[in-house]
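Here is final.cif, consisting of mmCIF, C-alpha atoms and all ligand atoms:
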data_start
#
loop_
_atom_site.label_atom_id
_atom_site.label_comp_id
_atom_site.auth_asym_id
_atom_site.auth_seq_id
_atom_site.Cartn_x
_atom_site.Cartn_y
_atom_site.Cartn_z
CA MET A 1 181.11 116.04 -39.80
CA LYS A 2 177.66 115.05 -40.92
CA ILE A 3 174.80 116.96 -39.35
CA ASN A 4 172.11 114.42 -38.58
CA GLN A 5 170.12 116.46 -36.14
CA ALA A 6 169.77 120.16 -35.41
CA GLU A 7 167.12 121.29 -33.02
CA PHE A 8 166.23 124.54 -31.35
CA VAL A 9 166.45 124.28 -27.55
CA ILE A 10 165.83 127.66 -25.91
CA SER A 11 166.02 131.43 -26.38
CA ASN A 12 166.68 133.66 -23.45
CA MET A 13 168.47 136.72 -22.22
CA GLU A 14 170.06 135.35 -19.08
CA VAL A 15 173.13 133.19 -18.83
CA GLU A 16 171.61 131.32 -15.86
CA LYS A 17 168.76 130.13 -18.03
CA CYS A 18 170.99 128.56 -20.67
CA PRO A 19 170.90 124.75 -20.90
CA ALA A 20 173.08 122.78 -18.46
CA PRO A 21 176.72 123.21 -19.50
CA ASP A 22 177.24 119.53 -20.18
CA ARG A 23 178.31 119.70 -23.82
CA ALA A 24 180.82 121.56 -25.93
CA GLU A 25 179.40 124.89 -27.02
CA TYR A 26 180.26 127.06 -30.02
CA ALA A 27 179.02 130.64 -30.15
CA PHE A 28 178.59 132.72 -33.28
CA ILE A 29 178.88 136.45 -32.90
CA GLY A 30 179.63 139.51 -34.98
CA ARG A 31 178.18 142.80 -36.09
CA SER A 32 174.52 142.93 -36.79
CA ASN A 33 173.72 141.80 -40.35
CA VAL A 34 177.10 140.09 -40.83
CA GLY A 35 175.30 136.83 -41.62
CA LYS A 36 175.39 134.85 -38.36
CA SER A 37 171.94 133.33 -38.66
CA SER A 38 172.45 132.58 -42.37
CA LEU A 39 175.73 130.85 -41.61
CA ILE A 40 174.11 128.74 -38.89
CA ASN A 41 171.42 127.63 -41.32
CA MET A 42 174.07 126.86 -43.94
CA LEU A 43 176.17 124.83 -41.48
CA THR A 44 173.20 122.85 -40.22
CA ASN A 45 171.58 122.47 -43.64
CA HIS A 46 168.34 124.03 -42.44
CA LYS A 47 166.48 126.82 -44.17
CA ASN A 48 164.93 128.36 -41.09
CA LEU A 49 166.66 127.10 -37.99
CA ALA A 50 167.95 130.58 -37.16
CA LYS A 51 165.87 133.58 -38.18
CA ILE A 52 167.29 135.71 -40.97
CA SER A 53 166.43 139.26 -41.80
CA GLY A 54 167.38 141.96 -44.26
CA LYS A 55 167.08 144.38 -41.35
CA PRO A 56 169.83 144.40 -38.76
CA GLY A 57 168.97 143.53 -35.18
CA LYS A 58 166.85 140.48 -35.95
CA THR A 59 168.47 138.18 -33.40
CA GLN A 60 167.94 139.70 -29.96
CA LEU A 61 168.31 136.69 -27.72
CA ILE A 62 170.80 134.00 -26.96
CA ASN A 63 169.59 131.02 -28.95
CA HIS A 64 170.75 127.49 -28.21
CA PHE A 65 170.62 124.76 -30.84
CA LEU A 66 171.55 121.17 -30.10
CA ILE A 67 173.49 119.52 -32.91
CA ASN A 68 173.70 115.73 -33.34
CA ASN A 69 172.69 115.48 -29.69
CA GLU A 70 176.37 116.19 -29.07
CA TRP A 71 177.21 119.90 -29.07
CA TYR A 72 175.55 123.27 -28.73
CA LEU A 73 175.58 125.92 -31.34
CA VAL A 74 174.66 129.41 -30.12
CA ASP A 75 173.30 132.26 -32.20
CA LEU A 76 173.84 135.60 -30.50
CA PRO A 77 172.55 139.09 -31.22
CA GLY A 78 174.80 141.28 -33.32
CA TYR A 79 176.88 143.86 -31.55
CA GLY A 80 177.07 147.45 -32.69
CA TYR A 81 173.54 147.75 -33.90
CA ALA A 82 173.04 151.51 -33.68
CA LYS A 83 169.25 151.57 -33.79
CA VAL A 84 168.61 149.90 -30.45
CA THR A 85 168.41 152.48 -27.69
CA HIS A 86 171.45 153.23 -25.61
CA ASN A 87 169.98 151.39 -22.67
CA MET A 88 169.23 148.32 -24.74
CA ARG A 89 172.76 148.40 -26.08
CA ASN A 90 174.23 148.35 -22.58
CA ARG A 91 171.97 145.49 -21.72
CA PHE A 92 173.09 143.57 -24.80
CA GLU A 93 176.72 144.23 -24.10
CA ARG A 94 176.47 143.22 -20.49
CA PHE A 95 174.72 140.02 -21.29
CA ILE A 96 177.07 139.13 -24.11
CA SER A 97 180.11 139.70 -21.92
CA ASP A 98 178.47 137.81 -19.02
CA TYR A 99 177.86 134.93 -21.35
CA MET A 100 181.38 134.98 -22.81
CA LEU A 101 183.07 135.15 -19.43
CA THR A 102 180.95 132.81 -17.35
CA ARG A 103 179.70 130.03 -19.58
CA PRO A 104 181.84 127.10 -18.41
CA ASN A 105 181.40 124.95 -21.51
CA LEU A 106 182.05 127.71 -24.05
CA THR A 107 184.52 125.89 -26.26
CA ASN A 108 185.11 128.36 -29.07
CA VAL A 109 183.73 131.69 -30.20
CA PHE A 110 183.41 132.26 -33.93
CA VAL A 111 183.71 135.97 -34.63
CA LEU A 112 182.04 136.70 -37.95
CA VAL A 113 183.40 139.41 -40.19
CA ASP A 114 181.87 140.59 -43.47
CA CYS A 115 184.56 140.20 -46.11
CA ARG A 116 183.51 143.34 -47.93
CA HIS A 117 184.55 145.73 -45.22
CA LYS A 118 188.01 146.74 -44.13
CA PRO A 119 188.91 145.82 -40.53
CA GLN A 120 186.45 147.47 -38.16
CA GLU A 121 187.40 148.70 -34.73
CA LEU A 122 184.37 147.07 -33.14
CA ASP A 123 185.43 143.61 -34.34
CA LEU A 124 189.09 144.14 -33.46
CA ASP A 125 188.12 145.38 -29.99
CA PHE A 126 185.86 142.42 -29.47
CA MET A 127 188.66 140.00 -30.39
CA LEU A 128 190.98 141.82 -27.99
CA PHE A 129 188.38 141.45 -25.26
CA LEU A 130 188.24 137.69 -25.92
CA GLY A 131 192.03 137.44 -26.02
CA GLU A 132 192.47 139.37 -22.80
CA HIS A 133 190.09 136.99 -21.05
CA GLY A 134 191.54 133.86 -22.57
CA VAL A 135 188.40 132.94 -24.49
CA PRO A 136 189.39 130.84 -27.54
CA PHE A 137 188.13 132.29 -30.80
CA SER A 138 188.39 131.95 -34.55
CA ILE A 139 187.29 134.26 -37.35
CA ILE A 140 184.70 133.40 -39.96
CA PHE A 141 184.69 135.72 -42.93
CA THR A 142 181.20 135.81 -44.42
CA LYS A 143 179.57 136.65 -47.77
CA GLN A 144 182.56 135.50 -49.77
CA ASP A 145 180.27 135.19 -52.82
CA LYS A 146 180.30 138.99 -53.05
CA LEU A 147 184.00 138.96 -53.97
CA ASN A 148 185.97 137.25 -56.71
CA LYS A 149 189.12 135.28 -55.99
CA THR A 150 191.52 138.20 -56.43
CA GLN A 151 189.38 140.48 -54.28
CA THR A 152 189.18 137.80 -51.61
CA ARG A 153 192.95 137.43 -51.59
CA THR A 154 193.48 141.20 -51.38
CA PHE A 155 190.95 141.43 -48.55
CA MET A 156 192.56 138.61 -46.60
CA LYS A 157 196.01 140.11 -46.95
CA ALA A 158 194.84 143.47 -45.63
CA TYR A 159 192.96 141.85 -42.77
CA GLU A 160 195.89 139.71 -41.77
CA LYS A 161 198.18 142.73 -41.86
CA GLU A 162 195.87 144.61 -39.52
CA MET A 163 195.56 141.64 -37.14
CA LEU A 164 199.31 141.18 -36.97
CA GLN A 165 199.67 144.71 -35.61
CA THR A 166 198.22 143.34 -32.37
CA TRP A 167 198.47 139.57 -32.49
CA GLU A 168 201.54 137.41 -32.85
CA GLU A 169 199.76 135.23 -35.34
CA MET A 170 196.46 135.03 -37.17
CA PRO A 171 193.83 133.12 -35.20
CA PRO A 172 192.33 130.18 -37.10
CA TYR A 173 190.05 131.59 -39.79
CA PHE A 174 187.57 130.43 -42.42
CA VAL A 175 186.21 132.08 -45.53
CA THR A 176 182.57 131.23 -46.08
CA SER A 177 179.42 131.95 -48.03
CA ALA A 178 175.96 131.05 -46.82
CA LEU A 179 174.84 131.38 -50.42
CA THR A 180 177.20 128.86 -52.01
CA GLY A 181 178.07 126.77 -48.93
CA SER A 182 181.77 127.43 -49.33
CA GLY A 183 183.77 126.93 -46.14
CA ARG A 184 181.10 124.67 -44.65
CA ASP A 185 183.18 121.48 -44.60
CA GLU A 186 186.17 123.30 -43.11
CA VAL A 187 184.20 124.86 -40.24
CA LEU A 188 182.46 121.57 -39.42
CA ALA A 189 185.72 119.60 -39.55
CA TYR A 190 187.29 122.14 -37.20
CA ILE A 191 184.43 121.75 -34.70
CA GLU A 192 184.62 117.97 -35.00
CA GLU A 193 188.34 118.00 -34.21
CA ILE A 194 187.86 120.20 -31.14
CA ASN A 195 184.93 118.05 -29.96
CA LYS A 196 187.29 115.09 -29.79
CA THR A 197 189.48 116.91 -27.29
CA VAL A 198 186.87 118.15 -24.81
CA ASP A 199 184.48 116.48 -22.38
CA TYR A 200 181.95 118.43 -20.36
CA SER A 201 179.74 115.49 -19.49
CA ASN A 202 181.04 115.34 -15.91
CA PRO A 203 181.16 118.88 -14.51
CA THR A 204 183.13 117.81 -11.41
CA LEU A 205 186.15 116.65 -13.43
P1 LIG A 301 171.33 139.97 -36.88
O1 LIG A 301 170.63 138.78 -36.32
O2 LIG A 301 170.41 141.09 -37.25
O3 LIG A 301 172.47 140.43 -36.06
O4 LIG A 301 171.95 139.56 -38.33
P2 LIG A 301 172.75 138.26 -38.73
O5 LIG A 301 174.20 138.48 -38.52
O6 LIG A 301 172.15 137.05 -38.12
O7 LIG A 301 172.56 138.24 -40.31
P3 LIG A 301 171.51 137.40 -41.19
O8 LIG A 301 171.95 135.98 -41.30
O9 LIG A 301 170.14 137.69 -40.72
O10 LIG A 301 171.79 138.04 -42.64
C1 LIG A 301 171.72 139.43 -42.89
C2 LIG A 301 171.57 139.67 -44.39
O11 LIG A 301 172.75 139.24 -45.11
C3 LIG A 301 170.42 138.89 -45.03
O12 LIG A 301 169.82 139.71 -46.00
C4 LIG A 301 171.10 137.68 -45.66
O13 LIG A 301 170.39 137.15 -46.75
C5 LIG A 301 172.44 138.28 -46.10
N1 LIG A 301 173.50 137.25 -46.12
C6 LIG A 301 173.89 136.48 -45.08
N2 LIG A 301 174.90 135.65 -45.42
C7 LIG A 301 175.16 135.88 -46.74
C8 LIG A 301 176.11 135.33 -47.70
O14 LIG A 301 176.94 134.45 -47.41
N3 LIG A 301 176.08 135.87 -48.95
C9 LIG A 301 175.21 136.86 -49.30
N4 LIG A 301 175.28 137.32 -50.54
N5 LIG A 301 174.30 137.39 -48.44
C10 LIG A 301 174.27 136.91 -47.18
MG MG A 302 170.77 136.80 -36.60
#
Show the structure stored in the file as structure tokens.
Ligand code: GTP
Ligand code: MG
Amino acid sequence: MKINQAEFVISNMEVEKCPAPDRAEYAFIGRSNVGKSSLINMLTNHKNLAKISGKPGKTQLINHFLINNEWYLVDLPGYGYAKVTHNMRNRFERFISDYMLTRPNLTNVFVLVDCRHKPQELDLDFMLFLGEHGVPFSIIFTKQDKLNKTQTRTFMKAYEKEMLQTWEEMPPYFVTSALTGSGRDEVLAYIEEINKTVDYSNPTL
């Protein structure tokens, strides 16, 4: 898929204030600092569409971007960011789960996982939560440029092994780098294929 247009629409903290659910929507989520905003910029070919930071906790709102006037891409705050206060964390979690469970046009959730770390409980739990509620998801492994080919293969094998303890099969997954652009074509082709199968333009259907 060619990205001809990528524009910021709205940031907010309430599901009710999200844009009308009249287009397919793809959400990007994962631990703080995993590279969500960087990946979004890489996918859309924009340097600063989503804000990037060396410090975790940069993205604190639900951010809607309209792509090719056809589908929404959503940048979400990272989960598991320890430095926000306990109260803030509950607020985050509630609003993320509200969003995941009530957004009618949520087409697919991309769960981002840093390919340098062994499987983390927080990510596995989050995927279980999505699975239990029937929310379709895929995994995007990020920062692949930090590993060589052999290390990437070893990492993937270990991750798959862990996933298969709980899941019957691996969900669709992609290995990406915001630095080199690897995985970009695959992720965009995947979104393009799904877009062909969904239609949210008439909410009464
Ligand atoms: P929050 O919004 O804080 O939850 O973080 P985020 O998941 O949006 O991460 P962000 O894109 O802000 O990136 C965090 C840090 O990781 C930044 O210093 C990025 O430059 C770096 N980073 C992101 N993606 C990559 C990548 O593919 N390769 C490398 N080497 N660094 C990356
Ligand atoms: Mg971010």
**Prompt:** Which is closest to A:Arg116 among A:Thr197, A:Asn4, A:Asn148, A:Asn48, if we use all atoms listed in the file?
**Reply:**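 Comparing A:Thr197, A:Asn4, A:Asn148, A:Asn48 against A:Arg116, the winner is A:Asn148.
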**d(atom CA of A:Ala158, atom CA of A:Pro77) in Å** =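 Atom CA of A:Ala158 sits 26.9 Å away from atom CA of A:Pro77.
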**Shell around A:Val111 at 8 Å using only C-alpha atoms, local window under 2 positions removed, as a list in words** =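 What passes the distance filter is Phe28, Ile29, Gly30, Val109, Val113, Asp123, Met127, Phe137, Ser138, Ile139 and Ile140 of chain A.
Taking atom CA of A:Pro136 as the reference point, atom CA of A:Thr107 is found at 7.1 Å.
With distances restricted to only C-alpha atoms and all ligand atoms, A:Asp145 is the closest residue to ligand LIG 301 (chain A) from A:Asp145, A:Glu121, A:Glu70, A:Glu14.
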**Asked** Which residue gives the smallest distance to ligand LIG 301 (chain A) among A:Ile194, A:Met13, A:Leu112, A:Cys18, with all atoms listed in the file counted?
**Response**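 Checking each candidate against ligand LIG 301 (chain A), we get A:Leu112 as the closest.
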**Message:** Neighbouring residues of stretch 159-164 of chain A were defined as those with any atom within 12 Å, considering only C-alpha atoms; residues of the same chain fewer than 2 positions away were excluded. Please report them as a VMD selection string.
**Reply:** chain A and resid 113 to 121 123 to 125 127 to 128 139 141 152 to 157 166 to 173
**Distance of atom CA of A:Lys47 from atom O5 of ligand LIG 301 (chain A), expressed in Å to one decimal place** = 15.1 Å
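Residue nearest A:Phe65, chosen from A:Ile40, A:Val9, A:Ala189, A:Ala24 and counting only C-alpha atoms: A:Val9.
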**Asked** Taking into account only C-alpha atoms and all ligand atoms, which residue in the set A:Thr180, A:Asn69, A:Ser201, A:Thr150 is nearest to ligand LIG 301 (chain A)?
**Response**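 Closest to ligand LIG 301 (chain A) of all the choices is A:Thr180.
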Because the input lacks atoms here, generate all heavy atoms for stretch 62-73 of chain A and report them as a tab-separated table (two decimals), in the frame of the given file.
chain	number	residue	atom	x	y	z
A	62	ILE	N	169.78	135.05	-26.85
A	62	ILE	CA	170.80	134.00	-26.96
A	62	ILE	C	170.04	132.71	-27.29
A	62	ILE	O	169.14	132.30	-26.57
A	62	ILE	CB	171.62	133.95	-25.66
A	62	ILE	CG1	172.53	132.76	-25.62
A	62	ILE	CG2	170.79	133.96	-24.41
A	62	ILE	CD1	173.56	132.91	-24.52
A	63	ASN	N	170.35	132.16	-28.44
A	63	ASN	CA	169.59	131.02	-28.95
A	63	ASN	C	170.45	129.76	-28.97
A	63	ASN	O	171.48	129.73	-29.64
A	63	ASN	CB	169.13	131.28	-30.38
A	63	ASN	CG	168.28	132.53	-30.48
A	63	ASN	OD1	167.21	132.60	-29.91
A	63	ASN	ND2	168.78	133.53	-31.18
A	64	HIS	N	170.01	128.75	-28.24
A	64	HIS	CA	170.75	127.49	-28.21
A	64	HIS	C	170.16	126.47	-29.17
A	64	HIS	O	168.94	126.25	-29.17
A	64	HIS	CB	170.72	126.89	-26.80
A	64	HIS	CG	171.81	127.39	-25.93
A	64	HIS	ND1	171.76	128.61	-25.31
A	64	HIS	CD2	173.01	126.83	-25.60
A	64	HIS	CE1	172.89	128.79	-24.62
A	64	HIS	NE2	173.66	127.72	-24.78
A	65	PHE	N	171.02	125.86	-29.96
A	65	PHE	CA	170.62	124.76	-30.84
A	65	PHE	C	171.46	123.55	-30.48
A	65	PHE	O	172.68	123.68	-30.27
A	65	PHE	CB	170.86	125.13	-32.31
A	65	PHE	CG	170.11	126.36	-32.74
A	65	PHE	CD1	170.72	127.61	-32.70
A	65	PHE	CD2	168.80	126.28	-33.18
A	65	PHE	CE1	170.03	128.77	-33.08
A	65	PHE	CE2	168.10	127.43	-33.57
A	65	PHE	CZ	168.72	128.67	-33.52
A	66	LEU	N	170.82	122.40	-30.41
A	66	LEU	CA	171.55	121.17	-30.10
A	66	LEU	C	171.82	120.43	-31.41
A	66	LEU	O	170.91	120.16	-32.18
A	66	LEU	CB	170.71	120.30	-29.15
A	66	LEU	CG	171.32	118.97	-28.74
A	66	LEU	CD1	172.66	119.16	-28.04
A	66	LEU	CD2	170.35	118.22	-27.81
A	67	ILE	N	173.09	120.14	-31.65
A	67	ILE	CA	173.49	119.52	-32.91
A	67	ILE	C	173.94	118.08	-32.67
A	67	ILE	O	174.80	117.82	-31.83
A	67	ILE	CB	174.65	120.31	-33.59
A	67	ILE	CG1	174.34	121.82	-33.62
A	67	ILE	CG2	174.93	119.76	-34.97
A	67	ILE	CD1	173.13	122.24	-34.41
A	68	ASN	N	173.37	117.17	-33.43
A	68	ASN	CA	173.70	115.73	-33.34
A	68	ASN	C	173.62	115.21	-31.91
A	68	ASN	O	174.35	114.28	-31.55
A	68	ASN	CB	175.11	115.46	-33.89
A	68	ASN	CG	175.18	115.63	-35.40
A	68	ASN	OD1	174.15	115.80	-36.05
A	68	ASN	ND2	176.37	115.59	-35.94
A	69	ASN	N	172.81	115.86	-31.10
A	69	ASN	CA	172.69	115.48	-29.69
A	69	ASN	C	174.05	115.49	-28.98
A	69	ASN	O	174.25	114.83	-27.98
A	69	ASN	CB	172.05	114.09	-29.59
A	69	ASN	CG	171.34	113.90	-28.26
A	69	ASN	OD1	171.03	114.89	-27.58
A	69	ASN	ND2	171.13	112.67	-27.87
A	70	GLU	N	174.99	116.27	-29.55
A	70	GLU	CA	176.37	116.19	-29.07
A	70	GLU	C	176.94	117.55	-28.65
A	70	GLU	O	177.66	117.65	-27.67
A	70	GLU	CB	177.23	115.58	-30.18
A	70	GLU	CG	178.65	115.28	-29.74
A	70	GLU	CD	179.57	114.99	-30.91
A	70	GLU	OE1	179.11	114.99	-32.07
A	70	GLU	OE2	180.76	114.78	-30.64
A	71	TRP	N	176.65	118.59	-29.40
A	71	TRP	CA	177.21	119.90	-29.07
A	71	TRP	C	176.19	121.01	-29.30
A	71	TRP	O	175.24	120.86	-30.05
A	71	TRP	CB	178.50	120.16	-29.86
A	71	TRP	CG	178.42	120.01	-31.35
A	71	TRP	CD1	178.48	118.83	-32.06
A	71	TRP	CD2	178.29	121.06	-32.34
A	71	TRP	NE1	178.39	119.09	-33.41
A	71	TRP	CE2	178.28	120.44	-33.62
A	71	TRP	CE3	178.19	122.45	-32.27
A	71	TRP	CZ2	178.17	121.17	-34.80
A	71	TRP	CZ3	178.09	123.18	-33.46
A	71	TRP	CH2	178.08	122.54	-34.70
A	72	TYR	N	176.44	122.12	-28.60
A	72	TYR	CA	175.55	123.27	-28.73
A	72	TYR	C	176.13	124.29	-29.68
A	72	TYR	O	177.33	124.59	-29.65
A	72	TYR	CB	175.33	123.96	-27.39
A	72	TYR	CG	174.39	123.22	-26.48
A	72	TYR	CD1	174.81	122.77	-25.24
A	72	TYR	CD2	173.08	122.96	-26.87
A	72	TYR	CE1	173.95	122.09	-24.39
A	72	TYR	CE2	172.21	122.27	-26.03
A	72	TYR	CZ	172.66	121.84	-24.80
A	72	TYR	OH	171.81	121.16	-23.97
A	73	LEU	N	175.23	124.81	-30.47
A	73	LEU	CA	175.58	125.92	-31.34
A	73	LEU	C	174.75	127.11	-30.83
A	73	LEU	O	173.56	126.95	-30.55
A	73	LEU	CB	175.19	125.52	-32.76
A	73	LEU	CG	175.52	126.41	-33.91
A	73	LEU	CD1	175.48	125.60	-35.19
A	73	LEU	CD2	174.58	127.57	-34.00
